[in-house]
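Participant: Questions regarding the structure given below will be posed in turn.
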6 protein chains.
Amino acid sequence: MREKKPEKLKQEVRKEVKETYEQIKKMEIQGATDVALEAVKSLKKEKEEEELEKATNLLKQSRPTEPMMRNGLKYIKSRYREGEKIKKAVKEFQEIVNNAVEEIKEKGATYLPENAKVITHCHSSLVEKILIEARGRGKLEKVIVTETRPRYQGRITAEELSDKGIPVTVCVDSARIELIDEADISLVGADVITSDSYLLNKIGTHELALTSHNIKGKNFLVATQLLKIAPMTLKGKRQEIEERDPKEVWDHPPKGVTVRNPAFDATPPRYINSMITEHGVIHPFNAIDNARKRYPWIFNQI
Amino acid sequence: MREKKPEKLKQEVRKEVKETYEQIKKMEIQGATDVALEAVKSLKKEKEEEELEKATNLLKQSRPTEPMMRNGLKYIKSRYREGEKIKKAVKEFQEIVNNAVEEIKEKGATYLPENAKVITHCHSSLVEKILIEARGRGKLEKVIVTETRPRYQGRITAEELSDKGIPVTVCVDSARIELIDEADISLVGADVITSDSYLLNKIGTHELALTSHNIKGKNFLVATQLLKIAPMTLKGKRQEIEERDPKEVWDHPPKGVTVRNPAFDATPPRYINSMITEHGVIHPFNAIDNARKRYPWIFNQI
Amino acid sequence: MREKKPEKLKQEVRKEVKETYEQIKKMEIQGATDVALEAVKSLKKEKEEEELEKATNLLKQSRPTEPMMRNGLKYIKSRYREGEKIKKAVKEFQEIVNNAVEEIKEKGATYLPENAKVITHCHSSLVEKILIEARGRGKLEKVIVTETRPRYQGRITAEELSDKGIPVTVCVDSARIELIDEADISLVGADVITSDSYLLNKIGTHELALTSHNIKGKNFLVATQLLKIAPMTLKGKRQEIEERDPKEVWDHPPKGVTVRNPAFDATPPRYINSMITEHGVIHPFNAIDNARKRYPWIFNQI
Amino acid sequence: MREKKPEKLKQEVRKEVKETYEQIKKMEIQGATDVALEAVKSLKKEKEEEELEKATNLLKQSRPTEPMMRNGLKYIKSRYREGEKIKKAVKEFQEIVNNAVEEIKEKGATYLPENAKVITHCHSSLVEKILIEARGRGKLEKVIVTETRPRYQGRITAEELSDKGIPVTVCVDSARIELIDEADISLVGADVITSDSYLLNKIGTHELALTSHNIKGKNFLVATQLLKIAPMTLKGKRQEIEERDPKEVWDHPPKGVTVRNPAFDATPPRYINSMITEHGVIHPFNAIDNARKRYPWIFNQI
Amino acid sequence: MREKKPEKLKQEVRKEVKETYEQIKKMEIQGATDVALEAVKSLKKEKEEEELEKATNLLKQSRPTEPMMRNGLKYIKSRYREGEKIKKAVKEFQEIVNNAVEEIKEKGATYLPENAKVITHCHSSLVEKILIEARGRGKLEKVIVTETRPRYQGRITAEELSDKGIPVTVCVDSARIELIDEADISLVGADVITSDSYLLNKIGTHELALTSHNIKGKNFLVATQLLKIAPMTLKGKRQEIEERDPKEVWDHPPKGVTVRNPAFDATPPRYINSMITEHGVIHPFNAIDNARKRYPWIFNQI
Amino acid sequence: MREKKPEKLKQEVRKEVKETYEQIKKMEIQGATDVALEAVKSLKKEKEEEELEKATNLLKQSRPTEPMMRNGLKYIKSRYREGEKIKKAVKEFQEIVNNAVEEIKEKGATYLPENAKVITHCHSSLVEKILIEARGRGKLEKVIVTETRPRYQGRITAEELSDKGIPVTVCVDSARIELIDEADISLVGADVITSDSYLLNKIGTHELALTSHNIKGKNFLVATQLLKIAPMTLKGKRQEIEERDPKEVWDHPPKGVTVRNPAFDATPPRYINSMITEHGVIHPFNAIDNARKRYPWIFNQI
């Protein structure tokens with residue numbers, strides 16, 4: 001079935017679905033986990049196949065780089081086909097996600113060394129949970145976070161960690177190569193894991209990995225649910241990298257100047273030391289194999 | 001002689017000197033070349049040794065990372081000691097600088113390949129001159145420039161090149177690792193060259209060099225006058241890296257969050273392919289030797 | 001059972017088998033896929049175990065570096081033991097191969113970026129299929145192919161792609177380091193995948209991978225069926241590298257000059273970004289695991 | 001159940017268990033395989049669950065970096081719970097280990113090239129078995145072994161190989177970077193494999209791997225049973241690195257001098273070319289997956 | 001003075017000059033040293049400035065990538081301007097070259113290790129002289145030489161060394177990555193040294209350097225006269241890389257296939273361990289400084 | 001003049017010379033600076049050319065890897081030939097050395113960062129002087145020193161620094177890769193600098209440089225007088241690496257075991273960030289050029 005345009009679909013779906021679509025689109029809901037949970041939750045009242053189809057079609061078009069949301073919607077549909085009620089399936093998916101988050105938080109906090117000094121980039125709720133847990137265990141000394149142009153999500157991280165009493169230092173993105181000398185480990189979140197083990201994450205992650213792993217000899221870690229695997233990359237499809245509004249970078253550039261605003265970059269697996277997942281601390285080369293074991297439905301009919 | 005404090009010295013020097021000091025301090029005068037030329041020019045009316053001494057002492061305290069200014073002031077003092085009039089020496093220094101700039105512009109434009117696509121960082125008047133000259137010769141296709149947080153000097157570069165009809169693309173600093181694929185060469189300016197061949201330049205230069213030279217196989221070039229050699233690094237003195245006002249990075253950070261704002265970083269010579277200087281296109285390992293030949297006075301009584 | 005010498009076996013096998021053996025040996029049949037298909041096809045009329053044993057023993061001795069042929073012969077034997085008719089098994093194997101080829105062509109063409117400029121080496125029918133498919137989709141701009149000494153198979157690639165209207169550039173093998181600047185991706189085929197994820201392919205592949213991945217920052221891709229896994233490498237057996245007739249390199253060398261002619265080299269997995277297989281786009285570290293899933297019979301009684 | 005202190009447990013266990021505990025602690029029994037075999041053997045007479053629990057709790061506290069022993073004890077316990085007699089389970093485990101050792105010896109000797117010149121470090125019974133087998137097959141030309149400070153286990157290797165008529169050269173650990181030019185391959189044993197594919201082995205292994213793989217282009221191999229996987233690293237627990245008595249390094253250091261004596265270091269998987277295991281010659285990134293297949297009980301209730 | 005076209009100049013110069021020009025153009029005279037010596041010798045009968053000017057202008061147009069010839073012609077002109085007779089100056093230049101060659105031969109043979117196994121590329125008379133001298137001293141065990149497509153100059157090297165009783169092995173260019181394991185050092189000649197220390201030499205040199213220095217940890221040496229410095233590279237002029245007749249690569253390519261034939265490539269100084277010059281064994285970063293000391297006239301009025 | 005054997009020469013020289021020769025040979029005098037000073041001092045009473053010739057010939061044979069001693073003896077001879085009295089020349093040389101040492105101490109202490117944590121290897125009096133001076137200035141926090149097998153000179157360093165109240169940590173040589181994480185800079189001395197900028201120093205220096213510079217991103221510094229340049233390396237002569245008594249490594253090795261004991265290794269310049277010399281903080285690529293400027297007599301008649 002060819003996908004209908006969002007404008008058309010919006011008129012044909014339930015109010016909850018439409019509103020969730022709008023909120024994700026405007027980034028009122030953001031972060032891979034929250035987007036997935038909210039999109040799935042909006043399906044709670046669906047009962048029929050056609051309704052469900054339309055709703056998922058609309059939701060998938062809210063943002064291009066969100067495989068966890070797509071995997072969530074797929075879960076609901078495949079449970080429905082197995083005869084399960086949608087409401088129940090939604091609840092199941094929420095539990096899957098919550099369990100994954102808890103396991104990663106636990107493993108990540110365990111993995112950090114004593115007196116850890118961590119550098120991070122952007123804002124990842126998983127990373128934050130790990131850091132706060134580690135602080136609670138008395139293991140975390142300090143966090144350095146890059147401001148993360150163009151949307152300054154690093155400031156959100158700074159504020160939320162500082163609120164928990166964690167000493168935080170902020171710098172411009174390019175200054176990481178200087179400030180990393182004060183850290184002993186790098187830790188970031190993830191938006192997408194591809195079938196050939198690339199990490200798609202906020203623009204700036206690739207250079208942090210490069211500097212950390214190749215130049216400064218500091219381990220580069222990723223905290224992520226295996227739910228972020230993009231199964232269609234197995235088929236050769238490239239995970240599209242969202243190019244966002246240039247005004248985020250420069251509001252009123254002079255005429256004749258082009259402004260580019262790619263939202264993510266792709267870090268190769270060779271710069272990643274370990275991946276903290278719900279299924280264990282592994283290397284990214286084992287991500288897809290572990291995802292197949294834990295979430296076989298992700299790989300159905302891709 | 002121990003240096004007097006600026007507040008004291010300001011009362012003892014001529015008006016021109018004091019004003020120039022203030023303008024450099026507030027960055028109304030900026031860029032290594034302009035700072036050096038203006039500082040030297042403000043000495044034009046000095047006649048006596050003591051006056052000269054006080055004036056140079058004040059000017060040197062306007063900014064910490066400006067060896068070209070220091071070298072300029074040293075030139076005036078050594079010519080004065082050789083019996084030359086200060087006014088004449090000032091004129092000589094202006095000619096030295098102008099010649100150097102012209103030679104670098106000429107060599108740089110010659111060196112760029114046909115249909116050059118260049119990535120640069122921050123704002124360097126030398127780089128701009130080379131690019132405009134290359135465009136005039138029909139060799140320059142396109143320029144990519146990073147915005148250069150925290151002060152966005154990349155936007156100045158973008159605007160000035162765009163005014164000359166050169167196609168310019170701007171991106172956030174971290175996006176260079178993606179956009180560099182559209183360039184075939186990197187070209188930046190310099191603030192300082194140390195005796196062990198490090199390049200001090202705007203924060204972000206180090207990662208551009210690393211990405212360009214080590215990861216993407218694209219030559220990384222520096223355009224610089226040999227007048228930017230810092231002779232006191234020969235004696236083991238580290239070139240101080242200016243840490244600027246944190247408010248440039250984050251105006252009102254939450255309480256408890258430290259903001260760091262180093263203005264420069266130090267790129268190792270192994271990431272630099274060639275250095276375009278007034279004395280020829282060389283490798284940075286030959287910079288100090290060439291500076292000794294062309295400007296022996298820089299190395300007197302260091 | 002100790003293997004009989006080919007000369008003896010040739011007298012004891014059916015005409016079709018003997019002729020196929022000769023054609024592979026003289027390279028009238030070549031390319032891993034064609035060799036496997038033809039060898040398997042020549043078994044079509046076999047009915048008894050002893051016959052089958054002799055035929056496969058002869059065929060295996062036609063060329064030393066052809067695990068796909070060996071895997072094909074093993075398939076027939078294991079199906080026979082399961083009670084299947086040989087003729088049927090031959091047909092099944094042909095389907096297995098054809099499906100694999102189709103899936104790789106589809107995935108590879110999908111994976112190539114828009115306006116792709118591809119560098120390749122030697123002649124691989126899989127690579128050719130991907131490139132022609134990509135051209136058909138309007139995605140392929142240009143192909144660079146090295147001549148591939150000593151047998152100039154690069155010229156076959158050049159001619160066949162040029163026939164399809166694809167712009168092709170040819171250069172000597174050593175010139176790849178210069179011409180790769182005009183490409184944005186490297187793509188080669190495979191003869192063997194070992195259990196520790198090395199790629200055996202035509203001599204020259206290793207240096208293309210090194211230059212492409214390590215020096216020029218361009219992704220290095222391999223298109224291959226998982227049927228090319230050499231299961232006996234799991235047991236520590238080294239995949240023998242065929243040393244071919246020195247006359248291919250230099251017809252009449254002066255007396256006293258030794259001429260060496262290794263036909264393949266072994267590229268380490270760390271220079272390979274992605275492997276396009278019938279089971280998905282993966283990293284070579286996942287090749288053996290995927291082969292186990294898709295073709296478990298390859299690993300029986302190794 | 002919280003672990004009791006050894007002093008307490010020693011009074012509550014059978015004599016054989018207590019004695020084995022003491023011998024491992026004093027390093028009268030050493031080497032991962034021997035430690036595992038002896039610890040397991042000491043359980044032979046246990047009959048009841050509580051007894052077994054106490055015995056394994058004591059044994060586990062004999063040395064901190066011995067996952068193979070822990071995995072062995074776990075095997076006994078899980079077989080007991082399945083209803084098997086302990087004596088039988090002990091015998092099964094001995095067979096598991098013996099089979100693994102035989103398979104690795106066979107595969108390793110097969111894998112070594114003709115006229116092999118091998119550099120090794122420390123003393124590994126697996127490595128020794130491979131080398132002696134290869135010598136028996138006429139494939140081994142020479143062995144270089146580093147003395148392995150602080151306990152000089154390299155001398156044990158030298159003596160035992162020399163006894164078998166193998167030419168051996170010994171040098172101080174730092175001289176490996178010079179003597180490696182006379183070798184064509186590096187081969188070491190293992191103490192632990194982590195879930196993210198790190199190799200824990202005698203201090204000095206990391207630098208041998210680095211020099212061999214990165215600087216001298218010589219393959220770095222590890223011979224190890226998959227029984228050395230540390231399953232609790234999946235949960236984020238760091239494999240503790242034993243810090244041994246400083247007197248091993250310097251008997252009477254001057255007052256005020258701190259002596260450090262870490263017994264192991266952690267070699268990253270990117271410096272390892274191949275891992276010779278009982279389940280095949282693989283890359284370390286496949287170690288955990290292969291261990292899961294062969295020894296699923298290792299991963300129960302971790 | 002703008003350069004006249006060769007066709008015009010040929011009619012205005014002496015027969016010897018014209019013939020030499022033709023022989024260099026047709027590569028009847030080749031090799032940087034021979035080209036320089038013959039070009040200079042052809043000036044022997046010149047007496048007047050205008051004649052000399054025309055002759056040198058013609059000769060310089062015989063081949064684009066020959067700075068040693070250009071430097072030779074410059075020597076004659078500058079000696080003439082100092083009042084020396086041309087015939088005398090020609091003799092002086094011959095002595096300069098002969099001395100340089102002798103010194104390099106001596107230093108190179110001294111530098112090679114005992115029982116040296118050397119890999120080389122293409123045909124360099126300097127390299128050959130060093131190897132024959134080393135053989136005479138009983139130090140040279142074996143030489144490996146790549147065939148050097150497209151003109152197979154490696155075969156000339158093979159033949160000439162073999163004639164002297166030196167064991168020689170030949171392989172295709174791409175096979176160097178396999179055969180280098182049998183060598184312990186790489187040694188090549190040079191066509192050009194640039195002011196930023198790049199080595200221009202026969203296509204294939206860059207990959208030999210890369211493989212040798214970066215991957216196999218074998219020192220990469222260059223034997224060259226400092227007379228091969230290209231002084232105009234100081235001014236930013238790129239040393240043109242001759243693109244030769246595509247028929248050398250492929251005589252009759254199919255229509256639509258482009259054949260590229262760059263004759264040289266540019267090896268970066270970071271892959272070169274040592275440079276054996278008439279002024280000593282140095283690093284390429286010191287080449288220009290040493291050339292300035294030994295041949296100051298090269299740098300006059302560039 | 002061909003060198004006479006030491007046994008013969010000992011009978012023909014003054015008692016002071018003979019005794020000094022013996023003390024150097026037995027390593028009762030050691031360290032490049034002390035050896036040079038004592039050898040030169042022993043010439044104090046020489047008056048005639050023949051005497052001087054014999055004495056220097058004997059002394060040069062005391063140890064093979066001591067260019068600073070050779071350069072010192074050369075200084076005396078060349079001053080003698082210029083008509084200076086030997087006693088005076090000896091005094092001059094002592095002043096040259098003392099000045100060099102003072103300047104390096106001063107520059108080195110200035111160069112170290114605040115709160116420096118330094119890792120060093122072996123025992124270098126220059127390094128010790130720098131560290132003690134830095135401690136005196138309140139800049140040095142901690143020193144890590146490797147024991148330096150086989151002769152444990154690291155313990156001398158540990159003891160002497162600890163005596164000055166500096167916190168010192170000692171570890172086996174191989175443990176540097178773990179303990180370097182606690183340092184922020186590496187600093188070693190030098191025995192020889194070659195004409196192609198290699199550093200010869202105690203075995204173990206090469207791996208410290210590699211680990212420090214390439215893997216851990218920590219600057220690797222060398223403190224050395226330019227008097228340690230080996231001028232005969234310019235002529236292609238390899239600086240012989242002393243192979244010392246195997247008993248230093250293993251007193252009673254089993255029969256059939258070869259023990260190798262190279263005393264030095266050669267660190268390539270690409271692992272060295274800066275060289276602290278009497279003539280300034282430079283890169284090793286500038287060492288020979290600076291030595292020529294400061295000590296031109298070293299290069300006379302090499």
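Here, A, B, ... name the chains of the structure tokens in the order displayed, residue numbers run from 1 inside each chain, and ligands are numbered from 1 in the same displayed order.
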For chain D against chain C, which residues fall within 9 Å using only C-alpha atoms, given as a list in words?
Facilitator: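 Only these qualify: Glu103, Glu106, Lys107, Gly108, Ala109, Thr110, Tyr111, Leu112, Pro113, Arg270, Asn273, Ser274, Met275, Ile276, His279, Gly280, Val281, Ile282, His283, Pro284, Phe285, Asn286 and Asp289 of chain D.
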Participant: Mind checking which residues fall within 12 Å of Tyr80 in chain B, counting only C-alpha atoms, ignoring those fewer than 2 positions away in the same chain, and posting them as an MDAnalysis selection string?
Facilitator: chainID B and resid 43:44 46:50 52:53 73:78 82:90 92
Participant: Atoms to include: N, CA, C and O atoms. Write the selected residues as an mmCIF file, in the first residue's frame.
Facilitator:
data_model
loop_
_atom_site.group_PDB
_atom_site.id
_atom_site.type_symbol
_atom_site.label_atom_id
_atom_site.label_comp_id
_atom_site.auth_asym_id
_atom_site.auth_seq_id
_atom_site.Cartn_x
_atom_site.Cartn_y
_atom_site.Cartn_z
ATOM 1 N N LEU B 43 52.883 54.147 18.236
ATOM 2 C CA LEU B 43 54.170 54.591 18.796
ATOM 3 C C LEU B 43 54.772 55.747 17.993
ATOM 4 O O LEU B 43 55.821 56.288 18.372
ATOM 5 N N LYS B 44 54.120 56.115 16.907
ATOM 6 C CA LYS B 44 54.702 57.023 15.921
ATOM 7 C C LYS B 44 55.305 58.304 16.509
ATOM 8 O O LYS B 44 56.302 58.827 16.026
ATOM 9 N N GLU B 46 56.481 58.725 19.606
ATOM 10 C CA GLU B 46 57.437 58.548 20.706
ATOM 11 C C GLU B 46 58.811 59.039 20.265
ATOM 12 O O GLU B 46 59.194 58.901 19.115
ATOM 13 N N LYS B 47 59.545 59.558 21.212
ATOM 14 C CA LYS B 47 60.882 60.074 20.870
ATOM 15 C C LYS B 47 61.946 59.560 21.836
ATOM 16 O O LYS B 47 63.095 59.400 21.468
ATOM 17 N N GLU B 48 61.575 59.350 23.086
ATOM 18 C CA GLU B 48 62.585 58.994 24.096
ATOM 19 C C GLU B 48 62.464 57.530 24.520
ATOM 20 O O GLU B 48 61.374 56.965 24.505
ATOM 21 N N GLU B 49 63.558 57.009 25.013
ATOM 22 C CA GLU B 49 63.596 55.596 25.385
ATOM 23 C C GLU B 49 62.582 55.237 26.462
ATOM 24 O O GLU B 49 61.864 54.239 26.372
ATOM 25 N N GLU B 50 62.518 56.080 27.472
ATOM 26 C CA GLU B 50 61.642 55.739 28.608
ATOM 27 C C GLU B 50 60.179 55.705 28.173
ATOM 28 O O GLU B 50 59.424 54.805 28.516
ATOM 29 N N LEU B 52 59.073 55.146 25.193
ATOM 30 C CA LEU B 52 58.903 53.974 24.333
ATOM 31 C C LEU B 52 58.710 52.711 25.177
ATOM 32 O O LEU B 52 57.851 51.867 24.905
ATOM 33 N N GLU B 53 59.525 52.615 26.186
ATOM 34 C CA GLU B 53 59.479 51.457 27.087
ATOM 35 C C GLU B 53 58.099 51.345 27.733
ATOM 36 O O GLU B 53 57.477 50.274 27.764
ATOM 37 N N LEU B 73 56.577 45.387 18.187
ATOM 38 C CA LEU B 73 57.099 46.340 19.179
ATOM 39 C C LEU B 73 58.607 46.161 19.350
ATOM 40 O O LEU B 73 59.353 47.136 19.506
ATOM 41 N N LYS B 74 59.028 44.900 19.284
ATOM 42 C CA LYS B 74 60.461 44.623 19.413
ATOM 43 C C LYS B 74 61.244 45.228 18.247
ATOM 44 O O LYS B 74 62.349 45.739 18.418
ATOM 45 N N TYR B 75 60.634 45.172 17.063
ATOM 46 C CA TYR B 75 61.298 45.749 15.895
ATOM 47 C C TYR B 75 61.546 47.234 16.113
ATOM 48 O O TYR B 75 62.650 47.745 15.879
ATOM 49 N N ILE B 76 60.525 47.935 16.562
ATOM 50 C CA ILE B 76 60.657 49.389 16.773
ATOM 51 C C ILE B 76 61.780 49.665 17.769
ATOM 52 O O ILE B 76 62.656 50.514 17.529
ATOM 53 N N LYS B 77 61.757 48.928 18.877
ATOM 54 C CA LYS B 77 62.772 49.171 19.902
ATOM 55 C C LYS B 77 64.178 48.872 19.387
ATOM 56 O O LYS B 77 65.124 49.623 19.685
ATOM 57 N N SER B 78 64.331 47.828 18.606
ATOM 58 C CA SER B 78 65.698 47.511 18.181
ATOM 59 C C SER B 78 66.175 48.490 17.110
ATOM 60 O O SER B 78 67.357 48.851 17.073
ATOM 61 N N GLU B 82 69.369 51.051 17.306
ATOM 62 C CA GLU B 82 70.359 51.172 16.228
ATOM 63 C C GLU B 82 70.486 52.619 15.746
ATOM 64 O O GLU B 82 71.254 52.900 14.822
ATOM 65 N N GLY B 83 69.641 53.504 16.307
ATOM 66 C CA GLY B 83 69.770 54.921 15.973
ATOM 67 C C GLY B 83 68.733 55.420 14.981
ATOM 68 O O GLY B 83 68.741 56.587 14.588
ATOM 69 N N GLU B 84 67.829 54.578 14.579
ATOM 70 C CA GLU B 84 66.804 55.002 13.622
ATOM 71 C C GLU B 84 65.706 55.785 14.349
ATOM 72 O O GLU B 84 65.429 55.560 15.528
ATOM 73 N N LYS B 85 65.077 56.681 13.624
ATOM 74 C CA LYS B 85 63.933 57.402 14.205
ATOM 75 C C LYS B 85 62.726 56.467 14.287
ATOM 76 O O LYS B 85 62.496 55.656 13.387
ATOM 77 N N ILE B 86 61.957 56.650 15.328
ATOM 78 C CA ILE B 86 60.804 55.766 15.537
ATOM 79 C C ILE B 86 59.820 55.864 14.386
ATOM 80 O O ILE B 86 59.318 54.868 13.884
ATOM 81 N N LYS B 87 59.546 57.079 13.969
ATOM 82 C CA LYS B 87 58.577 57.275 12.880
ATOM 83 C C LYS B 87 58.975 56.465 11.641
ATOM 84 O O LYS B 87 58.141 55.849 10.975
ATOM 85 N N LYS B 88 60.276 56.537 11.365
ATOM 86 C CA LYS B 88 60.797 55.788 10.211
ATOM 87 C C LYS B 88 60.634 54.267 10.454
ATOM 88 O O LYS B 88 60.223 53.532 9.548
ATOM 89 N N ALA B 89 60.963 53.836 11.657
ATOM 90 C CA ALA B 89 60.883 52.402 11.982
ATOM 91 C C ALA B 89 59.451 51.896 11.850
ATOM 92 O O ALA B 89 59.202 50.782 11.373
ATOM 93 N N VAL B 90 58.507 52.735 12.291
ATOM 94 C CA VAL B 90 57.100 52.354 12.162
ATOM 95 C C VAL B 90 56.759 52.113 10.694
ATOM 96 O O VAL B 90 56.120 51.119 10.335
ATOM 97 N N GLU B 92 58.824 51.378 8.309
ATOM 98 C CA GLU B 92 59.507 50.155 7.866
ATOM 99 C C GLU B 92 58.693 48.908 8.227
ATOM 100 O O GLU B 92 58.523 47.997 7.422
#
Participant: Out of range 39-150 of chain B, which residues get helix (DSSP H, G or I) from DSSP, as a VMD selection string?
Facilitator: chain B and resid 39 to 41 49 to 60 67 to 81 86 to 111 125 to 136
Participant: Would you mind reading off the distance between CA of Met68 in chain D and CA of Cys171 in chain F, one decimal, in Å?
Facilitator: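 About the pair CA of Met68 in chain D and CA of Cys171 in chain F: they are 27.9 Å apart.
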Participant: So, with only C-alpha atoms as the atoms that count, which of F:Leu199, F:Ala230, F:Val259, F:Ile241 lies closest to Asn71 in chain F?
Facilitator: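 Using only C-alpha atoms, the shortest distance to Asn71 in chain F belongs to F:Ala230.
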Participant: Would you mind telling me which residue in F:Thr211, F:Asn98, F:Thr148, F:Thr224 lies nearest to Val188 in chain F when using only C-alpha atoms?
Facilitator: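 For Val188 in chain F, the nearest of the candidates is F:Thr224.
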Participant: Just asking: which residues within range 180-294 of chain F are strand (DSSP E) according to DSSP, as a list of chain:residue names?
Facilitator: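 For range 180-294 of chain F, the strand (DSSP E) set is F:Ile185, F:Ser186, F:Leu187, F:Val188, F:Val192, F:Ile193, F:Leu199, F:Leu200, F:Asn201, F:Lys202, F:Phe220, F:Leu221, F:Val222, F:Ala223, F:Val257, F:Thr258, F:Val259, F:Phe264, F:Asp265, F:Ala266, F:Thr267, F:Ser274, F:Met275, F:Ile276, F:Thr277, F:Gly280, F:Val281, F:Ile282.
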Participant: Residues at most 12 Å from Leu208 in chain E, counting only C-alpha atoms, excluding those fewer than 3 positions away in the same chain, as an NGL selection string?
Facilitator: (:C and (174-175 or 177 or 207 or 210-211)) or (:E and (119-122 or 145-146 or 148 or 173-180 or 185-188 or 201-205 or 211-222 or 265-268 or 271-272))
Participant: So that I can check the surroundings of Lys15 in chain E, please list as a short mmCIF file (atom, residue, chain, number, x, y, z; two decimals) with C-alpha atoms, in the first residue's frame every protein, DNA and RNA residue that reaches within 12 Å of it, counting only C-alpha atoms and ignoring chain neighbours fewer than 3 positions away.
Facilitator:
data_model
loop_
_atom_site.label_atom_id
_atom_site.label_comp_id
_atom_site.auth_asym_id
_atom_site.auth_seq_id
_atom_site.Cartn_x
_atom_site.Cartn_y
_atom_site.Cartn_z
CA LEU E 9 62.70 27.88 -31.09
CA LYS E 10 63.88 24.71 -32.79
CA GLN E 11 64.64 26.73 -35.92
CA GLU E 12 66.70 29.23 -34.01
CA LYS E 18 67.73 20.70 -31.13
CA GLU E 19 68.75 17.04 -31.27
CA THR E 20 69.00 16.77 -27.50
CA TYR E 21 65.59 18.36 -27.16
CA GLU E 22 64.15 15.75 -29.53
CA SER E 42 74.23 20.33 -25.47
CA LEU E 43 74.96 23.95 -24.46
CA LYS E 44 78.69 23.46 -24.71
CA LYS E 45 79.17 25.50 -27.86
CA GLU E 46 76.95 28.42 -26.89
CA ALA E 55 68.56 27.04 -26.09
#
Participant: Excluding same-chain residues fewer than 4 positions from Thr169 in chain E, what lies within 9 Å of it counting only C-alpha atoms, as a list in words?
Facilitator: Gly256, Val257, Thr258, Val259 and Arg260 of chain C; Lys142, Val143, Ile144, Val145, Thr146 and Ala158 of chain E
Participant: Using N, CA and C atoms, can you write the selected residues to a file as a compact mmCIF listing (two decimals), in the first residue's frame?
Facilitator:
# COMPACT_ATOMS: atom_id res chain seq x y z
N GLY C 256 67.83 -16.18 -14.17
CA GLY C 256 68.26 -15.71 -12.85
C GLY C 256 67.25 -14.80 -12.17
N VAL C 257 66.26 -14.32 -12.94
CA VAL C 257 65.21 -13.51 -12.33
C VAL C 257 64.02 -14.41 -11.98
N THR C 258 63.62 -14.39 -10.72
CA THR C 258 62.44 -15.13 -10.28
C THR C 258 61.20 -14.28 -10.47
N VAL C 259 60.17 -14.85 -11.03
CA VAL C 259 58.90 -14.11 -11.15
C VAL C 259 57.86 -14.77 -10.27
N ARG C 260 57.22 -13.96 -9.44
CA ARG C 260 56.19 -14.46 -8.52
C ARG C 260 54.82 -13.98 -8.98
N LYS E 142 69.35 -9.83 -1.54
CA LYS E 142 68.24 -10.06 -2.46
C LYS E 142 67.53 -8.75 -2.77
N VAL E 143 66.98 -8.66 -3.98
CA VAL E 143 66.20 -7.48 -4.36
C VAL E 143 64.85 -7.93 -4.91
N ILE E 144 63.80 -7.26 -4.48
CA ILE E 144 62.46 -7.47 -5.04
C ILE E 144 62.11 -6.20 -5.81
N VAL E 145 61.64 -6.35 -7.03
CA VAL E 145 61.29 -5.15 -7.78
C VAL E 145 59.93 -5.36 -8.45
N THR E 146 59.08 -4.34 -8.34
CA THR E 146 57.76 -4.37 -8.96
C THR E 146 57.92 -4.06 -10.45
N ALA E 158 65.48 -5.24 -12.91
CA ALA E 158 65.66 -6.67 -12.68
C ALA E 158 66.80 -7.20 -13.54
